[in-house]
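Next up, protein_2.pdb (PDB, N, CA and C atoms and all ligand atoms):
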ATOM      1  N   MET Y  19      68.954  97.161 107.542
ATOM      2  CA  MET Y  19      70.155  96.347 107.304
ATOM      3  C   MET Y  19      69.790  94.877 107.490
ATOM      4  N   SER Y  20      70.057  94.086 106.513
ATOM      5  CA  SER Y  20      69.741  92.666 106.629
ATOM      6  C   SER Y  20      71.015  91.852 106.673
ATOM      7  N   ARG Y  21      70.912  90.788 107.435
ATOM      8  CA  ARG Y  21      72.046  89.879 107.539
ATOM      9  C   ARG Y  21      71.598  88.498 107.111
ATOM     10  N   PRO Y  22      72.448  87.777 106.465
ATOM     11  CA  PRO Y  22      72.084  86.381 106.187
ATOM     12  C   PRO Y  22      72.050  85.612 107.495
ATOM     13  N   PRO Y  23      71.156  84.668 107.610
ATOM     14  CA  PRO Y  23      71.123  83.865 108.842
ATOM     15  C   PRO Y  23      72.387  83.033 108.972
ATOM     16  N   THR Y  24      72.933  83.028 110.153
ATOM     17  CA  THR Y  24      74.139  82.235 110.400
ATOM     18  C   THR Y  24      73.956  81.472 111.697
ATOM     19  N   ASP Y  25      74.808  80.532 111.920
ATOM     20  CA  ASP Y  25      74.740  79.765 113.160
ATOM     21  C   ASP Y  25      75.262  80.560 114.341
ATOM     22  N   GLY Y  26      76.272  81.346 114.093
ATOM     23  CA  GLY Y  26      76.874  82.086 115.187
ATOM     24  C   GLY Y  26      76.465  83.541 115.122
ATOM     25  N   PRO Y  27      76.689  84.247 116.217
ATOM     26  CA  PRO Y  27      76.419  85.679 116.185
ATOM     27  C   PRO Y  27      77.366  86.380 115.226
ATOM     28  N   SER Y  28      76.883  87.415 114.629
ATOM     29  CA  SER Y  28      77.747  88.123 113.690
ATOM     30  C   SER Y  28      78.727  88.992 114.469
ATOM     31  N   HIS Y  29      79.809  89.261 113.846
ATOM     32  CA  HIS Y  29      80.879  89.982 114.517
ATOM     33  C   HIS Y  29      81.053  91.358 113.893
ATOM     34  N   ALA Y  30      80.954  92.354 114.703
ATOM     35  CA  ALA Y  30      81.243  93.707 114.240
ATOM     36  C   ALA Y  30      82.688  94.003 114.609
ATOM     37  N   PRO Y  31      83.535  94.173 113.648
ATOM     38  CA  PRO Y  31      84.970  94.218 113.939
ATOM     39  C   PRO Y  31      85.405  95.448 114.695
ATOM     40  N   GLY Y  32      86.215  95.166 115.658
ATOM     41  CA  GLY Y  32      87.165  96.087 116.245
ATOM     42  C   GLY Y  32      86.751  97.468 116.694
ATOM     43  N   GLU Y  33      85.602  97.643 117.318
ATOM     44  CA  GLU Y  33      85.317  98.978 117.821
ATOM     45  C   GLU Y  33      86.118  99.277 119.074
ATOM     46  N   VAL Y  34      86.362  98.258 119.867
ATOM     47  CA  VAL Y  34      87.105  98.446 121.107
ATOM     48  C   VAL Y  34      88.303  97.519 121.086
ATOM     49  N   PRO Y  35      89.509  98.066 121.082
ATOM     50  CA  PRO Y  35      90.696  97.208 121.064
ATOM     51  C   PRO Y  35      90.712  96.285 122.268
ATOM     52  N   GLY Y  36      91.002  95.029 122.013
ATOM     53  CA  GLY Y  36      91.094  94.075 123.107
ATOM     54  C   GLY Y  36      89.759  93.495 123.526
ATOM     55  N   TYR Y  37      88.694  93.898 122.871
ATOM     56  CA  TYR Y  37      87.380  93.368 123.211
ATOM     57  C   TYR Y  37      86.817  92.551 122.081
ATOM     58  N   GLU Y  38      86.145  91.485 122.465
ATOM     59  CA  GLU Y  38      85.313  90.730 121.529
ATOM     60  C   GLU Y  38      83.908  91.284 121.633
ATOM     61  N   GLU Y  39      83.300  91.478 120.486
ATOM     62  CA  GLU Y  39      81.964  92.064 120.473
ATOM     63  C   GLU Y  39      81.104  91.300 119.483
ATOM     64  N   HIS Y  40      79.929  90.906 119.921
ATOM     65  CA  HIS Y  40      79.033  90.160 119.036
ATOM     66  C   HIS Y  40      77.619  90.698 119.163
ATOM     67  N   LEU Y  41      76.940  90.667 118.050
ATOM     68  CA  LEU Y  41      75.525  91.011 118.068
ATOM     69  C   LEU Y  41      74.709  89.764 118.364
ATOM     70  N   VAL Y  42      73.784  89.874 119.270
ATOM     71  CA  VAL Y  42      72.875  88.773 119.571
ATOM     72  C   VAL Y  42      71.508  89.145 118.995
ATOM     73  N   PRO Y  43      71.066  88.448 117.958
ATOM     74  CA  PRO Y  43      69.740  88.757 117.413
ATOM     75  C   PRO Y  43      68.656  88.347 118.399
ATOM     76  N   GLY Y  44      67.510  88.981 118.289
ATOM     77  CA  GLY Y  44      66.445  88.750 119.256
ATOM     78  C   GLY Y  44      66.068  87.291 119.416
ATOM     79  N   PHE Y  45      66.058  86.546 118.319
ATOM     80  CA  PHE Y  45      65.618  85.163 118.439
ATOM     81  C   PHE Y  45      66.618  84.292 119.190
ATOM     82  N   ARG Y  46      67.839  84.794 119.360
ATOM     83  CA  ARG Y  46      68.828  84.046 120.152
ATOM     84  C   ARG Y  46      68.916  84.547 121.589
ATOM     85  N   ALA Y  47      68.221  85.613 121.885
ATOM     86  CA  ALA Y  47      68.271  86.173 123.239
ATOM     87  C   ALA Y  47      67.220  85.474 124.089
ATOM     88  N   LEU Y  48      67.603  84.366 124.677
ATOM     89  CA  LEU Y  48      66.642  83.516 125.372
ATOM     90  C   LEU Y  48      66.473  83.903 126.826
ATOM     91  N   LYS Y  49      67.384  84.714 127.338
ATOM     92  CA  LYS Y  49      67.323  85.118 128.733
ATOM     93  C   LYS Y  49      67.290  86.633 128.825
ATOM     94  N   ALA Y  50      66.822  87.115 129.953
ATOM     95  CA  ALA Y  50      66.900  88.546 130.212
ATOM     96  C   ALA Y  50      68.243  88.859 130.863
ATOM     97  N   TYR Y  51      68.767  90.026 130.571
ATOM     98  CA  TYR Y  51      70.038  90.453 131.140
ATOM     99  C   TYR Y  51      69.867  91.861 131.684
ATOM    100  N   VAL Y  52      70.879  92.310 132.404
ATOM    101  CA  VAL Y  52      70.884  93.694 132.865
ATOM    102  C   VAL Y  52      72.038  94.403 132.179
ATOM    103  N   CYS Y  53      71.713  95.504 131.559
ATOM    104  CA  CYS Y  53      72.725  96.279 130.846
ATOM    105  C   CYS Y  53      73.651  96.956 131.849
ATOM    106  N   PRO Y  54      74.967  96.845 131.661
ATOM    107  CA  PRO Y  54      75.901  97.382 132.666
ATOM    108  C   PRO Y  54      75.966  98.901 132.703
ATOM    109  N   THR Y  55      75.532  99.585 131.675
ATOM    110  CA  THR Y  55      75.627 101.045 131.725
ATOM    111  C   THR Y  55      74.361 101.692 132.239
ATOM    112  N   CYS Y  56      73.220 101.278 131.741
ATOM    113  CA  CYS Y  56      71.988 101.940 132.173
ATOM    114  C   CYS Y  56      71.288 101.160 133.275
ATOM    115  N   THR Y  57      71.763  99.971 133.578
ATOM    116  CA  THR Y  57      71.227  99.086 134.616
ATOM    117  C   THR Y  57      69.768  98.721 134.369
ATOM    118  N   GLN Y  58      69.302  98.922 133.171
ATOM    119  CA  GLN Y  58      67.943  98.515 132.822
ATOM    120  C   GLN Y  58      67.981  97.105 132.246
ATOM    121  N   PRO Y  59      66.898  96.365 132.417
ATOM    122  CA  PRO Y  59      66.886  95.015 131.869
ATOM    123  C   PRO Y  59      66.853  95.007 130.349
ATOM    124  N   ILE Y  60      67.482  94.000 129.809
ATOM    125  CA  ILE Y  60      67.371  93.702 128.384
ATOM    126  C   ILE Y  60      66.451  92.487 128.317
ATOM    127  N   ALA Y  61      65.260  92.674 127.871
ATOM    128  CA  ALA Y  61      64.271  91.592 127.913
ATOM    129  C   ALA Y  61      64.675  90.465 126.974
ATOM    130  N   ALA Y  62      64.291  89.251 127.342
ATOM    131  CA  ALA Y  62      64.484  88.126 126.439
ATOM    132  C   ALA Y  62      63.793  88.444 125.120
ATOM    133  N   GLY Y  63      64.453  88.062 124.039
ATOM    134  CA  GLY Y  63      63.893  88.329 122.724
ATOM    135  C   GLY Y  63      64.298  89.661 122.140
ATOM    136  N   THR Y  64      65.114  90.407 122.873
ATOM    137  CA  THR Y  64      65.584  91.701 122.391
ATOM    138  C   THR Y  64      66.985  91.557 121.821
ATOM    139  N   GLY Y  65      67.179  91.996 120.611
ATOM    140  CA  GLY Y  65      68.511  91.986 120.032
ATOM    141  C   GLY Y  65      69.425  92.916 120.817
ATOM    142  N   HIS Y  66      70.635  92.472 121.070
ATOM    143  CA  HIS Y  66      71.551  93.279 121.877
ATOM    144  C   HIS Y  66      72.985  92.906 121.539
ATOM    145  N   VAL Y  67      73.918  93.495 122.270
ATOM    146  CA  VAL Y  67      75.340  93.247 122.061
ATOM    147  C   VAL Y  67      75.870  92.484 123.260
ATOM    148  N   VAL Y  68      76.697  91.487 122.992
ATOM    149  CA  VAL Y  68      77.445  90.864 124.075
ATOM    150  C   VAL Y  68      78.925  91.122 123.795
ATOM    151  N   ALA Y  69      79.650  91.511 124.835
ATOM    152  CA  ALA Y  69      81.058  91.858 124.655
ATOM    153  C   ALA Y  69      81.837  91.442 125.890
ATOM    154  N   TRP Y  70      83.106  91.165 125.665
ATOM    155  CA  TRP Y  70      83.975  90.751 126.777
ATOM    156  C   TRP Y  70      85.416  91.032 126.394
ATOM    157  N   PRO Y  71      86.267  91.194 127.410
ATOM    158  CA  PRO Y  71      87.692  91.358 127.128
ATOM    159  C   PRO Y  71      88.201  90.099 126.439
ATOM    160  N   ALA Y  72      88.985  90.271 125.399
ATOM    161  CA  ALA Y  72      89.443  89.131 124.613
ATOM    162  C   ALA Y  72      90.028  88.062 125.516
ATOM    163  N   GLY Y  73      89.521  86.843 125.373
ATOM    164  CA  GLY Y  73      90.021  85.723 126.136
ATOM    165  C   GLY Y  73      89.361  85.548 127.491
ATOM    166  N   LEU Y  74      88.532  86.492 127.897
ATOM    167  CA  LEU Y  74      87.906  86.420 129.219
ATOM    168  C   LEU Y  74      86.389  86.319 129.060
ATOM    169  N   THR Y  75      85.949  85.197 128.525
ATOM    170  CA  THR Y  75      84.521  85.087 128.238
ATOM    171  C   THR Y  75      83.679  85.131 129.506
ATOM    172  N   GLU Y  76      84.252  84.781 130.639
ATOM    173  CA  GLU Y  76      83.463  84.837 131.871
ATOM    174  C   GLU Y  76      83.194  86.282 132.299
ATOM    175  N   GLU Y  77      83.914  87.218 131.680
ATOM    176  CA  GLU Y  77      83.701  88.637 131.964
ATOM    177  C   GLU Y  77      82.683  89.267 131.027
ATOM    178  N   ARG Y  78      82.017  88.449 130.265
ATOM    179  CA  ARG Y  78      81.164  89.054 129.239
ATOM    180  C   ARG Y  78      79.939  89.733 129.850
ATOM    181  N   ARG Y  79      79.524  90.762 129.164
ATOM    182  CA  ARG Y  79      78.377  91.546 129.582
ATOM    183  C   ARG Y  79      77.450  91.718 128.387
ATOM    184  N   HIS Y  80      76.194  91.815 128.689
ATOM    185  CA  HIS Y  80      75.198  92.055 127.645
ATOM    186  C   HIS Y  80      74.744  93.504 127.733
ATOM    187  N   TRP Y  81      74.730  94.142 126.589
ATOM    188  CA  TRP Y  81      74.444  95.578 126.523
ATOM    189  C   TRP Y  81      73.293  95.828 125.551
ATOM    190  N   HIS Y  82      72.497  96.856 125.867
ATOM    191  CA  HIS Y  82      71.642  97.389 124.813
ATOM    192  C   HIS Y  82      72.554  97.878 123.674
ATOM    193  N   ARG Y  83      72.066  97.754 122.486
ATOM    194  CA  ARG Y  83      72.941  98.162 121.382
ATOM    195  C   ARG Y  83      73.300  99.637 121.461
ATOM    196  N   HIS Y  84      72.330 100.478 121.813
ATOM    197  CA  HIS Y  84      72.647 101.905 121.890
ATOM    198  C   HIS Y  84      73.571 102.192 123.067
ATOM    199  N   CYS Y  85      73.406 101.450 124.156
ATOM    200  CA  CYS Y  85      74.282 101.667 125.309
ATOM    201  C   CYS Y  85      75.715 101.260 124.981
ATOM    202  N   TRP Y  86      75.850 100.158 124.257
ATOM    203  CA  TRP Y  86      77.183  99.735 123.840
ATOM    204  C   TRP Y  86      77.836 100.821 122.995
ATOM    205  N   ARG Y  87      77.073 101.325 122.040
ATOM    206  CA  ARG Y  87      77.643 102.330 121.150
ATOM    207  C   ARG Y  87      78.054 103.575 121.918
ATOM    208  N   LEU Y  88      77.213 103.969 122.866
ATOM    209  CA  LEU Y  88      77.559 105.130 123.675
ATOM    210  C   LEU Y  88      78.802 104.860 124.505
ATOM    211  N   ALA Y  89      78.874 103.689 125.101
ATOM    212  CA  ALA Y  89      80.028 103.351 125.936
ATOM    213  C   ALA Y  89      81.298 103.330 125.100
ATOM    214  N   VAL Y  90      81.191 102.785 123.889
ATOM    215  CA  VAL Y  90      82.354 102.766 123.005
ATOM    216  C   VAL Y  90      82.793 104.189 122.706
ATOM    217  N   ARG Y  91      81.818 105.007 122.384
ATOM    218  CA  ARG Y  91      82.145 106.384 122.017
ATOM    219  C   ARG Y  91      82.779 107.123 123.182
ATOM    220  N   ARG Y  92      82.315 106.797 124.385
ATOM    221  CA  ARG Y  92      82.849 107.491 125.567
ATOM    222  C   ARG Y  92      84.080 106.815 126.135
ATOM    223  N   GLY Y  93      84.474 105.695 125.546
ATOM    224  CA  GLY Y  93      85.630 104.980 126.067
ATOM    225  C   GLY Y  93      85.376 104.365 127.422
ATOM    226  N   ARG Y  94      84.122 104.007 127.705
ATOM    227  CA  ARG Y  94      83.784 103.516 129.038
ATOM    228  C   ARG Y  94      83.530 102.018 129.075
ATOM    229  N   VAL Y  95      83.882 101.357 128.034
ATOM    230  CA  VAL Y  95      83.588  99.925 127.997
ATOM    231  C   VAL Y  95      84.363  99.185 129.074
ATOM    232  N   THR Y  96      85.644  99.461 129.191
ATOM    233  CA  THR Y  96      86.458  98.695 130.123
ATOM    234  C   THR Y  96      86.102  99.011 131.559
ATOM    235  N   GLY Y  97      85.496 100.160 131.812
ATOM    236  CA  GLY Y  97      85.142 100.517 133.182
ATOM    237  C   GLY Y  97      83.811  99.950 133.633
ATOM    238  N   ALA Y  98      83.144  99.236 132.751
ATOM    239  CA  ALA Y  98      81.777  98.814 133.050
ATOM    240  C   ALA Y  98      81.718  97.386 133.580
ATOM    241  N   ARG Y  99      82.839  96.832 133.943
ATOM    242  CA  ARG Y  99      82.836  95.423 134.325
ATOM    243  C   ARG Y  99      82.381  95.210 135.747
ATOM    244  N   ASP Y 100      82.527  96.226 136.567
ATOM    245  CA  ASP Y 100      82.254  96.044 137.984
ATOM    246  C   ASP Y 100      80.781  96.325 138.261
ATOM    247  N   VAL Y 101      79.940  95.432 137.799
ATOM    248  CA  VAL Y 101      78.502  95.614 137.914
ATOM    249  C   VAL Y 101      77.911  94.448 138.670
ATOM    250  N   ARG Y 102      77.065  94.745 139.611
ATOM    251  CA  ARG Y 102      76.412  93.683 140.361
ATOM    252  C   ARG Y 102      74.944  93.601 139.989
TER     253      ARG Y 102
HETATM  254 ZN    ZN Y 201      71.393  99.866 128.437
END
As structure tokens, how would this structure be written, given the file I've shared?
Amino acid sequence: MSRPPTDGPSHAPGEVPGYEEHLVPGFRALKAYVCPTCTQPIAAGTGHVVAWPAGLTEERRHWHRHCWRLAVRRGRVTGARDVR
């Protein structure tokens, strides 16, 4: 699947009601993050998903793409915020 290059992250519409979800391509992933579901690191340079409750950008979390998809499928996205 190819995407035209854009300035902003692309938006995959509406998998989780009330959530904003964006794909972060690897070249924009400048920092490492910890995935809230598997607690494994997402290395810098790895394409991943960033998502947050609509309007609450400070609540945003970075997810492995497969972990995000699994969480969406299991309805566990909203429960994954309490991660240290
Ligand atoms: Zn993960």
May I have a table of the residues of chain Y lying at most 9 Å from ligand ZN 201 (chain Y), giving each one's closest pair of atoms and their distance in Å to one decimal, counting only C-alpha atoms and all ligand atoms, ordered by chain and ascending residue number, as a tab-separated table?
residue	atom	partner	partner_atom	distance
Y:Val52	CA	Y:ZN201	ZN	7.6
Y:Cys53	CA	Y:ZN201	ZN	4.5
Y:Pro54	CA	Y:ZN201	ZN	6.7
Y:Thr55	CA	Y:ZN201	ZN	5.5
Y:Cys56	CA	Y:ZN201	ZN	4.3
Y:Thr57	CA	Y:ZN201	ZN	6.2
Y:Gln58	CA	Y:ZN201	ZN	5.7
Y:Pro59	CA	Y:ZN201	ZN	7.5
Y:Ile60	CA	Y:ZN201	ZN	7.4
Y:His80	CA	Y:ZN201	ZN	8.7
Y:Trp81	CA	Y:ZN201	ZN	5.6
Y:His82	CA	Y:ZN201	ZN	4.4
Y:Arg83	CA	Y:ZN201	ZN	7.4
Y:His84	CA	Y:ZN201	ZN	7.0
Y:Cys85	CA	Y:ZN201	ZN	4.6
Y:Trp86	CA	Y:ZN201	ZN	7.4
Which polymer residues have any atom within 8 Å of an atom of Arg78 in chain Y, counting all atoms listed in the file, with same-chain residues fewer than 3 positions away left out, as a list in words?
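Once the nearby chain positions are removed, what remains is Val68, Ala69, Trp70, Pro71, Leu74, Thr75, Trp81 and Arg99 of chain Y.
CA of Val90 in chain Y is found 22.2 Å from CA of Ala50 in chain Y.
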So how many Å separate CA of Val34 in chain Y and CA of Arg91 in chain Y, to one decimal?
9.4 Å
Write out as a ChimeraX atom specification the set of residues from range 41-72 of chain Y that DSSP, computed on the backbone, places in strand (DSSP E).
/Y:41-42,51-52,59-60,66-71
Selection result for the PyMOL selection byres (((chain Y and resi 39) around 5) and not hetatm) on this file, as a ChimeraX atom specification:
/Y:30,37-38,40-41,68-69
In Å, rounded to a single decimal, give me how far CA of Arg92 in chain Y is from atom C of Glu77 in chain Y.
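Separation of atom C of Glu77 in chain Y and CA of Arg92 in chain Y: 19.0 Å.
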So, with all atoms listed in the file as the atoms that count, which of Y:Ala72, Y:Leu88, Y:Val95, Y:Val67 lies closest to Gly36 in chain Y?
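Counting all atoms listed in the file, the residue closest to Gly36 in chain Y is Y:Ala72.
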